[in-house]
Amino acid sequence: MDDIPDGMHLCPTRVDAHAALFAHLVTVPMCQQRQRDHYHKCFTCVHNNAQAGARRIAPEVLARFENPRKQSAG
């Protein structure tokens, strides 16, 4: 997804910078609620509060999403 509006997150934004098969735009409060509810994709996400290491690299991963590399299928 190219343009993510302010105050929104792409859920999940994977730590490994790979695109998720299914991703949704969610507000920051929705993201926090999903984490509290143990949403099944939160463990792979850079926005996961429980993973301090992932938070440290979040800007680097998000920068990769702004300039994605083209990947060929097959």
# chains A, B, ... in the order shown; residues from 1 in each chain; ligands from 1
>>> residues_around(residues="range 39-41 of chain A", least_positions_apart="4", cutoff="12 Å", atoms="only C-alpha atoms", output="PyMOL selection string")
chain A and resi 10-15+20-24+30-35+45-48
>>> write_last_selection(atoms="C-alpha atoms", output="PDB file, in the first residue's frame")
ATOM      1  CA  LEU A  10      -1.064  -0.997   7.874  1.00  0.00           C
ATOM      2  CA  CYS A  11      -2.009  -4.091   9.845  1.00  0.00           C
ATOM      3  CA  PRO A  12       0.226  -5.988   9.939  1.00  0.00           C
ATOM      4  CA  THR A  13       3.384  -4.123   8.920  1.00  0.00           C
ATOM      5  CA  ARG A  14       5.743  -7.070   9.067  1.00  0.00           C
ATOM      6  CA  VAL A  15       9.112  -6.792  10.789  1.00  0.00           C
ATOM      7  CA  ALA A  20       1.252  -9.478   4.183  1.00  0.00           C
ATOM      8  CA  LEU A  21      -1.179 -11.545   2.150  1.00  0.00           C
ATOM      9  CA  PHE A  22      -4.101  -9.703   3.738  1.00  0.00           C
ATOM     10  CA  ALA A  23      -3.512  -6.266   5.230  1.00  0.00           C
ATOM     11  CA  HIS A  24      -5.878  -3.594   6.506  1.00  0.00           C
ATOM     12  CA  MET A  30      -7.628  -0.123  16.811  1.00  0.00           C
ATOM     13  CA  CYS A  31      -4.021  -1.342  16.616  1.00  0.00           C
ATOM     14  CA  GLN A  32      -3.646  -1.036  20.379  1.00  0.00           C
ATOM     15  CA  GLN A  33      -6.922  -2.881  20.976  1.00  0.00           C
ATOM     16  CA  ARG A  34      -5.877  -5.700  18.643  1.00  0.00           C
ATOM     17  CA  GLN A  35      -2.679  -6.081  20.635  1.00  0.00           C
ATOM     18  CA  CYS A  45       4.277  -6.446  13.288  1.00  0.00           C
ATOM     19  CA  VAL A  46       6.657  -3.510  13.796  1.00  0.00           C
ATOM     20  CA  HIS A  47       3.936  -1.707  15.759  1.00  0.00           C
ATOM     21  CA  ASN A  48       3.838  -4.461  18.419  1.00  0.00           C
TER      22      ASN A  48
END
>>> atom_distance(atom1="CA of Ala63 in chain A", atom2="CA of Phe43 in chain A")
19.9 Å
>>> residues_around(residues="Pro5 in chain A", least_positions_apart="5", cutoff="10 Å", atoms="only C-alpha atoms", output="mmCIF file with N, CA and C atoms, in the first residue's frame")
data_model
loop_
_atom_site.group_PDB
_atom_site.id
_atom_site.type_symbol
_atom_site.label_atom_id
_atom_site.label_comp_id
_atom_site.auth_asym_id
_atom_site.auth_seq_id
_atom_site.Cartn_x
_atom_site.Cartn_y
_atom_site.Cartn_z
ATOM 1 N N LEU A 10 -0.767 0.151 8.711
ATOM 2 C CA LEU A 10 -1.064 -0.997 7.874
ATOM 3 C C LEU A 10 -0.920 -2.207 8.782
ATOM 4 N N LEU A 25 -5.956 -1.202 6.744
ATOM 5 C CA LEU A 25 -5.639 0.062 7.394
ATOM 6 C C LEU A 25 -6.458 0.146 8.671
ATOM 7 N N VAL A 26 -5.764 0.382 9.775
ATOM 8 C CA VAL A 26 -6.446 0.510 11.064
ATOM 9 C C VAL A 26 -5.953 1.777 11.744
ATOM 10 N N THR A 27 -6.778 2.335 12.607
ATOM 11 C CA THR A 27 -6.367 3.490 13.394
ATOM 12 C C THR A 27 -5.417 3.015 14.494
#
>>> decode(residues="range 28-48 of chain A", atoms="C-alpha atoms", output="mmCIF file, in the first residue's frame")
data_model
loop_
_atom_site.group_PDB
_atom_site.id
_atom_site.type_symbol
_atom_site.label_atom_id
_atom_site.label_comp_id
_atom_site.auth_asym_id
_atom_site.auth_seq_id
_atom_site.Cartn_x
_atom_site.Cartn_y
_atom_site.Cartn_z
ATOM 1 C CA VAL A 28 -3.759 3.592 16.158
ATOM 2 C CA PRO A 29 -6.416 2.881 18.850
ATOM 3 C CA MET A 30 -7.628 -0.123 16.811
ATOM 4 C CA CYS A 31 -4.021 -1.342 16.616
ATOM 5 C CA GLN A 32 -3.646 -1.036 20.379
ATOM 6 C CA GLN A 33 -6.922 -2.881 20.976
ATOM 7 C CA ARG A 34 -5.877 -5.700 18.643
ATOM 8 C CA GLN A 35 -2.679 -6.081 20.635
ATOM 9 C CA ARG A 36 -4.628 -6.220 23.903
ATOM 10 C CA ASP A 37 -6.923 -8.844 22.351
ATOM 11 C CA HIS A 38 -3.907 -10.921 21.175
ATOM 12 C CA TYR A 39 -4.703 -10.518 17.483
ATOM 13 C CA HIS A 40 -3.021 -13.372 15.658
ATOM 14 C CA LYS A 41 -0.869 -11.172 13.388
ATOM 15 C CA CYS A 42 0.514 -8.766 16.004
ATOM 16 C CA PHE A 43 3.567 -10.881 16.765
ATOM 17 C CA THR A 44 4.952 -10.193 13.260
ATOM 18 C CA CYS A 45 4.277 -6.446 13.288
ATOM 19 C CA VAL A 46 6.657 -3.510 13.796
ATOM 20 C CA HIS A 47 3.936 -1.707 15.759
ATOM 21 C CA ASN A 48 3.838 -4.461 18.419
#
